[in-house]
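**Student:** What follows is entry00.tsv; its format and atoms are TSV, C-alpha atoms and all ligand atoms.
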chain	number	residue	atom	x	y	z
A	131	MET	CA	0.00	0.00	0.00
A	132	ARG	CA	1.21	3.48	-0.77
A	133	GLU	CA	2.30	5.69	2.09
A	134	ARG	CA	-0.60	7.62	3.65
A	135	PHE	CA	-2.69	6.79	0.60
A	136	TRP	CA	-5.84	8.07	2.32
A	137	GLU	CA	-4.40	11.60	2.24
A	138	ASN	CA	-2.63	11.51	-1.08
A	139	TYR	CA	-5.19	9.91	-3.37
A	140	SER	CA	-8.91	10.19	-3.95
A	141	LEU	CA	-11.17	7.22	-3.25
A	142	GLY	CA	-11.38	6.50	-6.97
A	143	GLU	CA	-7.57	6.33	-7.23
A	144	LEU	CA	-7.13	3.65	-4.55
A	145	ASN	CA	-6.16	0.12	-5.48
A	146	ALA	CA	-8.20	-2.80	-4.14
A	147	ARG	CA	-5.95	-3.37	-1.11
A	148	GLU	CA	-5.99	0.26	-0.11
A	149	TRP	CA	-9.76	0.43	-0.50
A	150	GLU	CA	-10.27	-2.58	1.76
A	151	ALA	CA	-7.77	-1.25	4.32
A	152	LEU	CA	-9.82	1.92	4.69
A	153	CYS	CA	-12.60	-0.06	6.33
A	154	ASP	CA	-12.08	0.36	10.07
A	155	GLY	CA	-13.89	-2.90	10.79
A	156	CYS	CA	-16.42	-1.37	13.16
A	157	GLY	CA	-19.14	-3.76	11.98
A	158	GLN	CA	-21.81	-1.06	12.26
A	159	CYS	CA	-22.89	-1.50	8.66
A	160	CYS	CA	-23.63	-5.15	9.52
A	161	LEU	CA	-26.30	-4.21	12.05
A	162	MET	CA	-29.92	-4.69	11.14
A	163	ARG	CA	-31.68	-1.49	10.14
A	164	GLU	CA	-34.99	-0.45	8.67
A	165	LYS	CA	-35.71	2.53	6.47
A	166	ASP	CA	-39.25	3.83	6.62
A	167	GLY	CA	-39.76	6.96	4.58
A	168	GLY	CA	-37.04	9.29	5.78
A	169	GLU	CA	-36.56	7.51	9.11
A	170	VAL	CA	-33.79	5.01	9.85
A	171	THR	CA	-33.99	2.61	12.78
A	172	VAL	CA	-30.88	0.69	13.81
A	173	TYR	CA	-30.97	-2.46	15.96
A	174	GLY	CA	-28.19	-3.94	18.05
A	175	ILE	CA	-28.63	-7.11	16.04
A	176	ALA	CA	-25.99	-8.26	13.59
A	177	CYS	CA	-26.16	-10.09	10.28
A	178	ASP	CA	-25.64	-13.80	10.90
A	179	LEU	CA	-22.45	-13.70	8.83
A	180	LEU	CA	-20.80	-11.23	11.19
A	181	ASP	CA	-18.18	-12.66	13.52
A	182	ILE	CA	-19.24	-10.39	16.37
A	183	GLU	CA	-16.18	-10.86	18.55
A	184	ARG	CA	-13.91	-9.75	15.70
A	185	SER	CA	-16.49	-7.39	14.15
A	186	ARG	CA	-15.60	-8.91	10.81
A	187	CYS	CA	-17.61	-10.71	8.16
A	188	SER	CA	-17.02	-14.46	8.43
A	189	ASP	CA	-17.44	-14.96	4.67
A	190	TYR	CA	-16.50	-11.65	3.13
A	191	ALA	CA	-15.78	-13.07	-0.33
A	192	ASN	CA	-19.25	-14.58	-0.66
A	193	ARG	CA	-21.25	-12.14	1.43
A	194	LEU	CA	-23.17	-10.59	-1.43
A	195	SER	CA	-24.54	-13.92	-2.67
A	196	ARG	CA	-25.25	-15.24	0.82
A	197	GLU	CA	-26.84	-12.15	2.29
A	198	PRO	CA	-29.27	-10.28	0.02
A	199	ASN	CA	-29.24	-7.20	2.28
A	200	CYS	CA	-25.47	-6.81	2.12
A	201	HIS	CA	-23.94	-3.93	0.18
A	202	GLN	CA	-20.86	-3.38	-1.91
A	203	LEU	CA	-19.46	0.07	-1.28
A	204	THR	CA	-17.57	1.66	-4.17
A	205	PRO	CA	-16.07	5.09	-4.80
A	206	ALA	CA	-18.99	5.77	-7.14
A	207	ASN	CA	-21.81	4.86	-4.76
A	208	ILE	CA	-20.46	5.86	-1.33
A	209	GLY	CA	-22.18	9.24	-1.55
A	210	SER	CA	-25.60	7.56	-1.52
A	211	TYR	CA	-24.92	5.61	1.70
A	212	ASP	CA	-26.29	8.23	4.01
A	213	TRP	CA	-27.55	5.58	6.44
A	214	LEU	CA	-24.03	4.41	7.31
A	215	PRO	CA	-22.68	5.76	10.61
A	216	ASP	CA	-20.96	9.13	10.54
A	217	SER	CA	-17.85	7.38	11.84
A	218	CYS	CA	-17.62	5.13	8.74
A	219	THR	CA	-14.20	5.81	7.27
A	220	TYR	CA	-15.43	5.71	3.69
A	221	ARG	CA	-17.97	8.39	4.48
A	222	ARG	CA	-15.42	10.47	6.34
A	223	ILE	CA	-12.93	10.41	3.48
A	224	HIS	CA	-15.74	11.08	1.00
A	225	ARG	CA	-16.66	14.17	3.06
A	226	GLY	CA	-13.03	15.34	2.98
A	227	GLU	CA	-12.39	14.57	6.66
A	228	PRO	CA	-9.14	13.08	8.00
A	229	LEU	CA	-8.73	9.56	9.27
A	230	PRO	CA	-9.84	9.40	12.91
A	231	ALA	CA	-7.05	9.02	15.47
A	232	TRP	CA	-8.39	5.59	16.46
A	233	HIS	CA	-8.25	4.13	12.94
A	234	PRO	CA	-6.26	0.87	12.68
A	235	LEU	CA	-4.20	2.32	9.81
A	236	LEU	CA	-2.80	4.78	12.38
A	237	THR	CA	-2.80	2.66	15.51
A	238	SER	CA	-2.08	-0.80	13.98
A	239	SER	CA	-4.68	-2.28	16.30
A	240	ARG	CA	-8.36	-2.08	17.08
A	241	GLN	CA	-7.99	-1.78	20.84
A	242	ARG	CA	-8.76	1.94	20.84
A	243	MET	CA	-11.84	1.39	18.74
A	244	ARG	CA	-13.02	-1.25	21.17
A	245	ARG	CA	-12.44	0.97	24.19
A	246	LYS	CA	-14.37	3.78	22.57
A	247	GLY	CA	-17.27	1.47	21.73
A	248	ILE	CA	-16.95	2.02	17.99
A	249	THR	CA	-16.87	-1.70	17.20
A	250	VAL	CA	-20.12	-3.58	17.69
A	251	CYS	CA	-18.48	-6.49	19.54
A	252	SER	CA	-19.53	-5.35	23.02
A	253	TYR	CA	-23.26	-5.17	22.34
A	254	ALA	CA	-24.42	-6.81	19.10
A	255	LEU	CA	-26.45	-10.02	19.15
A	256	PRO	CA	-26.69	-12.49	16.26
A	257	ARG	CA	-29.90	-12.12	14.30
A	258	ARG	CA	-30.77	-15.81	14.75
A	259	GLN	CA	-30.98	-15.29	18.53
A	260	VAL	CA	-33.61	-12.56	18.47
A	261	PRO	CA	-37.24	-13.41	17.70
A	262	ARG	CA	-38.99	-10.89	15.46
A	263	ARG	CA	-41.53	-10.00	18.20
A	264	LYS	CA	-38.66	-8.79	20.39
A	265	LEU	CA	-36.98	-6.55	17.82
A	266	SER	CA	-38.27	-3.35	19.38
A	267	GLN	CA	-36.33	-4.14	22.57
A	268	HIS	CA	-33.09	-3.88	20.62
A	269	ILE	CA	-33.40	-0.46	18.99
A	270	ILE	CA	-30.15	1.44	19.53
A	271	ALA	CA	-30.65	4.46	17.27
A	272	ARG	CA	-33.29	6.19	15.22
A	273	TRP	CA	-32.91	9.29	13.09
A	274	ARG	CA	-34.38	11.21	10.17
A	275	MET	CA	-32.28	11.41	7.02
A	301	LIG	S1	-19.42	1.14	8.72
A	301	LIG	FE1	-17.86	1.63	7.18
A	301	LIG	S2	-15.90	1.48	8.25
A	301	LIG	FE2	-17.42	0.44	9.56
A	301	LIG	S3	-17.27	-1.74	8.95
A	301	LIG	FE3	-18.88	-0.79	7.68
A	301	LIG	S4	-17.84	-0.13	5.77
A	301	LIG	FE4	-16.25	-0.53	7.33
How would this structure read if it were set down as structure tokens?
**Tutor:**
Amino acid sequence: MRERFWENYSLGELNAREWEALCDGCGQCCLMREKDGGEVTVYGIACDLLDIERSRCSDYANRLSREPNCHQLTPANIGSYDWLPDSCTYRRIHRGEPLPAWHPLLTSSRQRMRRKGITVCSYALPRRQVPRRKLSQHIIARWRM
């Protein structure tokens, strides 16, 4: 990867490795959410493919075929992902913001992210463990876009 590529190149100029390395691995995009009109509701319930302890997809290469609700972020479509968390590194770079001080590309670890509660590992539950009638007990955020 090129030195400080996130500062020196636009998202569209990144190679595949650099693009993947930008993901901070928070796992927040793997949480269940519902969009109703202009309102977004986020649940503390993770996609069954998410390895919650690591906050990483357990089958990243095949995720799009296995999970119909999964998304493939690209430089061209990142601007339309307004439901992703503000902390999402792709969104931050797209908005012209710097890498956050806790990002693994700067710290070489995810310990700071964990301590700050940015990764979902401390609270997310696997979707298969939560019956649909109990979903409302697991709402963690709701906002208007
Ligand atoms: S929200 Fe953004 S930075 Fe966090 S895991 Fe998803 S794509 Fe990566």
**Student:** Given all atoms listed in the file as the basis, pick out the residue of A:Arg222, A:Arg263, A:Arg240, A:Arg184 nearest to Gly209 of chain A.
**Tutor:** A:Arg222
**Student:** Grab the atom CA of Cys159 of chain A to atom CA of Asp189 of chain A distance for me, in Å with one decimal place.
**Tutor:**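 These atoms are spaced 15.1 Å apart.
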**Student:** Could you please extract the residues within 6 Å of ligand LIG 301 (chain A), counting only C-alpha atoms and all ligand atoms, and hand them back as a ChimeraX atom specification?
**Tutor:** /A:153-159,214-215,218-220
**Student:** So which one's closest to Gly168 of chain A, A:Glu148, A:Glu197, A:Trp273, A:Gln259? Using all atoms listed in the file, please.
**Tutor:**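 Of A:Glu148, A:Glu197, A:Trp273, A:Gln259, the one nearest Gly168 of chain A is A:Trp273, counting all atoms listed in the file.
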**Student:** What's the separation between atom CA of Ala176 of chain A and atom CA of Met162 of chain A, in Å to one decimal place?
**Tutor:** 5.8 Å
**Student:** Measuring between all atoms listed in the file, which one of A:Trp213, A:Pro234, A:Pro261, A:Trp136 shows the shortest distance to Glu164 of chain A?
**Tutor:**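 When distances to Glu164 of chain A are compared using all atoms listed in the file, the smallest one comes from A:Trp213.
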**Student:** Atom CA of Trp232 of chain A to atom CA of Gln202 of chain A: how many Å, to one decimal?
**Tutor:** 23.9 Å
